[in-house]
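Peer 1: As input, take my_file30.txt (compact mmCIF, C-alpha atoms):
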# COMPACT_ATOMS: atom_id res chain seq x y z
CA ILE A 441 9.98 -11.20 0.31
CA ILE A 442 11.41 -10.55 3.75
CA SER A 443 8.68 -7.96 4.40
CA VAL A 444 5.98 -10.44 3.44
CA ALA A 445 7.50 -13.19 5.58
CA LEU A 446 8.03 -11.07 8.71
CA GLY A 447 4.73 -9.23 8.38
CA THR A 448 2.81 -12.47 7.92
CA VAL A 449 4.44 -14.03 10.98
CA ILE A 450 3.43 -11.00 13.05
CA GLY A 451 -0.08 -11.13 11.56
CA GLU A 452 -0.40 -14.84 12.33
CA ILE A 453 0.71 -14.30 15.93
CA VAL A 454 -1.81 -11.48 16.44
CA ASP A 455 -4.33 -13.23 14.11
CA PHE A 456 -5.75 -10.13 12.43
CA ASN A 457 -8.00 -12.36 10.33
CA LYS A 458 -9.79 -13.59 13.47
CA LEU A 459 -10.05 -10.04 14.84
CA ILE A 460 -11.57 -8.73 11.60
CA LEU A 461 -14.01 -11.65 11.45
CA LYS A 462 -15.05 -10.94 15.05
CA LEU A 463 -15.53 -7.28 14.15
CA GLY A 464 -17.65 -8.32 11.14
CA ASP A 465 -19.75 -10.64 13.31
CA PHE A 466 -20.19 -7.90 15.93
CA VAL A 467 -21.38 -5.40 13.33
CA GLU A 468 -23.60 -8.06 11.74
CA THR A 469 -25.43 -8.74 15.02
CA ARG A 470 -25.95 -5.00 15.51
CA ILE A 471 -27.63 -4.49 12.15
CA ASP A 472 -29.45 -7.83 12.08
CA ARG A 473 -32.93 -6.32 12.21
CA ILE A 474 -32.20 -3.95 9.32
CA ALA A 475 -30.37 -6.25 6.93
CA TYR A 476 -31.86 -9.71 7.44
CA LYS A 477 -35.27 -9.67 9.13
CA SER A 478 -37.06 -8.73 5.95
CA HIS A 479 -35.63 -11.76 4.08
CA PRO A 480 -34.67 -14.46 6.61
CA GLU A 481 -35.17 -17.22 4.05
CA ASP A 482 -32.71 -15.94 1.46
CA GLY A 483 -29.65 -17.54 3.09
CA THR A 484 -27.56 -14.37 3.25
CA ARG A 485 -26.94 -14.71 6.98
CA GLY A 486 -23.21 -15.12 7.47
CA ASN A 487 -22.35 -13.36 4.21
CA PHE A 488 -22.11 -10.08 6.09
CA SER A 489 -18.75 -10.97 7.62
CA ARG A 490 -17.45 -12.39 4.36
CA GLY A 491 -18.48 -9.25 2.47
CA PHE A 492 -17.12 -6.97 5.17
CA VAL A 493 -13.76 -8.74 5.35
CA SER A 494 -13.37 -9.24 1.59
CA CYS A 495 -14.12 -5.61 0.77
CA SER A 496 -12.13 -4.24 3.71
CA LEU A 497 -9.07 -6.14 2.59
CA LEU A 498 -9.56 -5.54 -1.10
CA PHE A 499 -9.87 -1.80 -0.61
CA CYS A 500 -7.20 -1.43 2.10
CA VAL A 501 -4.38 -3.70 0.99
CA GLY A 502 -3.63 -2.41 -2.49
CA ALA A 503 -0.87 -0.12 -3.61
CA MET A 504 -3.37 2.65 -4.29
CA ALA A 505 -4.62 2.50 -0.69
CA VAL A 506 -1.18 2.83 0.85
CA ASN A 507 0.39 5.14 -1.73
CA GLY A 508 -2.78 7.16 -2.14
CA SER A 509 -3.09 7.70 1.60
CA ILE A 510 0.57 8.65 1.92
CA MET A 511 0.35 11.03 -1.03
CA ASP A 512 -2.86 12.50 0.41
CA GLY A 513 -1.02 13.14 3.66
CA LEU A 514 1.69 14.85 1.63
CA GLY A 515 -0.88 17.12 -0.04
CA SER A 516 -1.68 15.30 -3.29
CA PRO A 517 -5.07 13.50 -3.11
CA ASP A 518 -5.22 12.50 -6.81
CA ILE A 519 -4.52 8.78 -6.31
CA LEU A 520 -7.02 8.54 -3.45
CA LEU A 521 -9.71 10.30 -5.51
CA ALA A 522 -9.21 7.88 -8.42
CA LYS A 523 -9.29 4.97 -5.97
CA THR A 524 -12.57 6.24 -4.54
CA VAL A 525 -14.23 6.02 -7.95
CA ILE A 526 -12.86 2.51 -8.56
CA ASP A 527 -13.84 1.30 -5.07
CA SER A 528 -17.34 2.75 -5.38
CA ILE A 529 -18.03 0.79 -8.54
CA THR A 530 -16.40 -2.36 -7.17
CA VAL A 531 -18.36 -2.35 -3.90
CA PHE A 532 -21.67 -2.28 -5.79
CA ILE A 533 -20.61 -5.27 -7.86
CA MET A 534 -19.33 -7.22 -4.85
CA ALA A 535 -22.43 -6.40 -2.80
CA THR A 536 -24.60 -8.27 -5.32
CA THR A 537 -23.03 -11.54 -4.18
CA LEU A 538 -21.63 -10.78 -0.73
CA GLY A 539 -24.37 -8.55 0.64
CA VAL A 540 -24.59 -5.45 2.78
CA GLY A 541 -21.35 -6.20 4.64
CA CYS A 542 -19.52 -4.74 1.66
CA ALA A 543 -20.94 -1.28 2.36
CA PHE A 544 -19.85 -1.39 5.99
CA SER A 545 -16.25 -1.88 4.89
CA ALA A 546 -16.28 1.87 4.16
CA PHE A 547 -15.89 2.58 7.89
CA PHE A 548 -12.84 0.33 8.14
CA LEU A 549 -11.47 1.88 4.95
CA LEU A 550 -11.91 5.39 6.33
CA ALA A 551 -10.10 4.47 9.55
CA PHE A 552 -7.26 2.69 7.73
CA GLN A 553 -6.61 5.23 4.99
CA GLY A 554 -7.28 8.17 7.29
CA SER A 555 -4.73 6.89 9.79
CA ILE A 556 -2.10 6.48 7.09
CA ALA A 557 -2.82 9.94 5.68
CA VAL A 558 -2.57 11.59 9.09
CA LEU A 559 0.61 9.69 9.95
CA SER A 560 2.22 10.52 6.63
CA PHE A 561 1.35 14.18 7.11
CA PHE A 562 3.27 14.24 10.37
CA LEU A 563 6.05 11.84 9.32
CA ALA A 564 6.53 13.05 5.72
CA SER A 565 10.14 14.07 6.16
CA PHE A 566 11.07 10.70 7.71
CA ILE A 567 9.63 8.25 5.13
CA PRO A 568 12.15 7.40 2.40
CA ALA A 569 10.79 7.15 -1.16
CA SER A 570 12.26 3.65 -1.51
CA ALA A 571 10.26 2.46 1.53
CA VAL A 572 7.06 3.78 -0.05
CA THR A 573 7.87 1.86 -3.23
CA TYR A 574 8.50 -1.36 -1.29
CA MET A 575 5.27 -0.86 0.63
CA SER A 576 3.40 -0.57 -2.67
CA VAL A 577 5.00 -3.72 -4.06
CA THR A 578 4.19 -5.67 -0.90
CA GLY A 579 0.60 -4.42 -0.91
CA SER A 580 0.22 -5.36 -4.58
CA LEU A 581 1.41 -8.89 -3.85
CA ILE A 582 -1.16 -9.25 -1.09
CA ILE A 583 -3.97 -7.85 -3.23
CA ILE A 584 -3.34 -10.63 -5.77
CA LEU A 585 -4.06 -13.12 -2.99
CA VAL A 586 -7.21 -11.19 -2.00
CA GLY A 587 -8.37 -11.54 -5.61
CA THR A 588 -7.74 -15.29 -5.67
CA ASN A 589 -9.63 -15.61 -2.37
CA VAL A 590 -12.62 -13.71 -3.78
CA LEU A 591 -12.58 -15.99 -6.83
CA GLY A 592 -12.52 -19.04 -4.56
CA VAL A 593 -9.20 -20.28 -5.95
CA THR A 594 -7.37 -19.93 -2.63
CA ASN A 595 -8.25 -19.55 1.02
CA VAL A 596 -5.34 -17.49 2.36
CA LYS A 597 -5.79 -15.42 5.51
CA THR A 598 -4.69 -12.21 3.82
CA ALA A 599 -5.69 -10.08 6.81
CA ASN A 600 -2.79 -11.68 8.64
CA MET A 601 -0.49 -10.38 5.92
CA VAL A 602 -1.40 -6.70 6.38
CA PRO A 603 1.53 -5.97 8.75
CA ALA A 604 3.82 -6.91 5.84
CA ILE A 605 2.85 -3.68 4.09
CA PHE A 606 4.53 -1.69 6.83
CA MET A 607 7.67 -3.83 7.18
CA PRO A 608 9.60 -1.79 4.56
CA LEU A 609 9.45 1.16 6.95
CA LEU A 610 11.69 -0.85 9.26
CA LEU A 611 13.63 -2.95 6.77
CA ASP A 612 14.57 -0.29 4.19
CA PRO A 613 16.67 1.79 6.61
CA LEU A 614 18.12 -1.39 8.12
CA PHE A 615 19.26 -2.70 4.73
CA LYS A 616 20.70 0.69 3.80
CA LEU A 617 22.64 0.70 7.06
CA ILE A 618 23.97 -2.83 6.43
CA ALA A 619 24.86 -2.02 2.80
CA GLY A 620 26.82 0.97 4.09
Represent the supplied structure as structure tokens.
Peer 2:
Amino acid sequence: IISVALGTVIGEIVDFNKLILKLGDFVETRIDRIAYKSHPEDGTRGNFSRGFVSCSLLFCVGAMAVNGSIMDGLGSPDILLAKTVIDSITVFIMATTLGVGCAFSAFFLLAFQGSIAVLSFFLASFIPASAVTYMSVTGSLIIILVGTNVLGVTNVKTANMVPAIFMPLLLDPLFKLIAG
């Protein structure tokens, strides 16, 4: 709970949601002639960013994304391979309603998961197992909100909650130190 609260405050201050939306809009303007000129009347303009952000968050925030990337960095890619199959099927389904922006989330996903994998490779001996568990729990909590956003039940800026996933890296050792 503390990880979610602190991470969300940091995310709100930086406003990751706004940054990701700007990135989605930037990419959308760059591929405008490819994706939308052939069907300007179909009303999909503007869905690019929504698809890009929804898929980027859905595929990056979950426990499999964080744990899979960490485990991949530690030499066991099994979780990440299973996640790849699940994400591939999911992106096709989401693209039917949210458009081509869903496919472009793959670049963000590669950067996010690749960064975690590389970092975990170099920091493997410093990351406690309990912190990895807390990161997974926090990510799972956020992915529930991503799901409710996709369903239209809520409108939570889940991108601003992403820093919460990494808060256990700071809080776990702190709480162990306090507990003695």
Peer 1: Would you kindly return, as a PyMOL selection string, each protein, DNA or RNA residue with an atom no farther than 6 Å from any atom of stretch 488-490 of chain A, considering all atoms listed in the file and excluding same-chain residues fewer than 3 positions away?
Peer 2: chain A and resi 464-465+493-494+541
Peer 1: With distances taken over all atoms listed in the file, which of A:Leu521, A:Met601, A:Ala569, A:Leu563 is nearest to A:Ile582?
Peer 2: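 For A:Ile582, the nearest of the candidates is A:Met601.
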Peer 1: What gap, in Å, lies between atom CA of A:Ser509 and atom CA of A:Lys523?
Peer 2: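 Going from atom CA of A:Ser509 over to atom CA of A:Lys523 covers 10.2 Å.
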Peer 1: Residues at most 12 Å from A:Gly451, counting all atoms listed in the file, excluding those fewer than 4 positions away in the same chain, as a PyMOL selection string?
Peer 2: chain A and resi 443-447+455-460+597-607
Peer 1: Could you give me, as a ChimeraX atom specification, the residues within 12 Å of A:Asp612, counting only C-alpha atoms and dropping anything in the same chain fewer than 6 positions from it?
Peer 2: /A:442-443,567-575,606,618-619
Peer 1: Name the residues, using the chain letters and numbers of the file, that sit within 12 Å of (-13.7, -13.2, -7.3) when counting all atoms listed in the file, and give them as a list in words.
Peer 2: Gly491, Ser494, Cys495, Leu498, Thr530, Ile533, Met534, Ala535, Thr537, Leu538, Ile583, Ile584, Leu585, Val586, Gly587, Thr588, Asn589, Val590, Leu591, Gly592, Val593, Thr594 and Asn595 of chain A
Peer 1: Separation of atom CA of A:Asn507 and atom CA of A:Ala543, in Å?
Peer 2: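 Separation of atom CA of A:Asn507 and atom CA of A:Ala543: 22.6 Å.
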Peer 1: Take every atom of stretch 557-560 of chain A listed in the file, fit an axis-aligned box around them, add 6 Å per side, and give the centre and edge lengths in Å to one decimal as lines of an AutoDock Vina configuration file.
Peer 2:
center_x = -0.3
center_y = 10.6
center_z = 7.8
size_x = 17.0
size_y = 13.9
size_z = 16.3
Peer 1: What gap, in Å, lies between atom CA of A:Ile556 and atom CA of A:Gly508?
Peer 2: 9.3 Å
Peer 1: So, counting all atoms listed in the file, which residue among A:Ala522, A:Val506, A:Val558, A:Leu611 is closest to A:Ser576?
Peer 2: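 Distance minimum relative to A:Ser576 lands on A:Val506.
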Peer 1: Using all atoms listed in the file, can you tell me which of A:Leu550, A:Phe492, A:Met504, A:Leu520 comes closest to A:Lys462?
Peer 2: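 Of A:Leu550, A:Phe492, A:Met504, A:Leu520, the one nearest A:Lys462, counting all atoms listed in the file, is A:Phe492.
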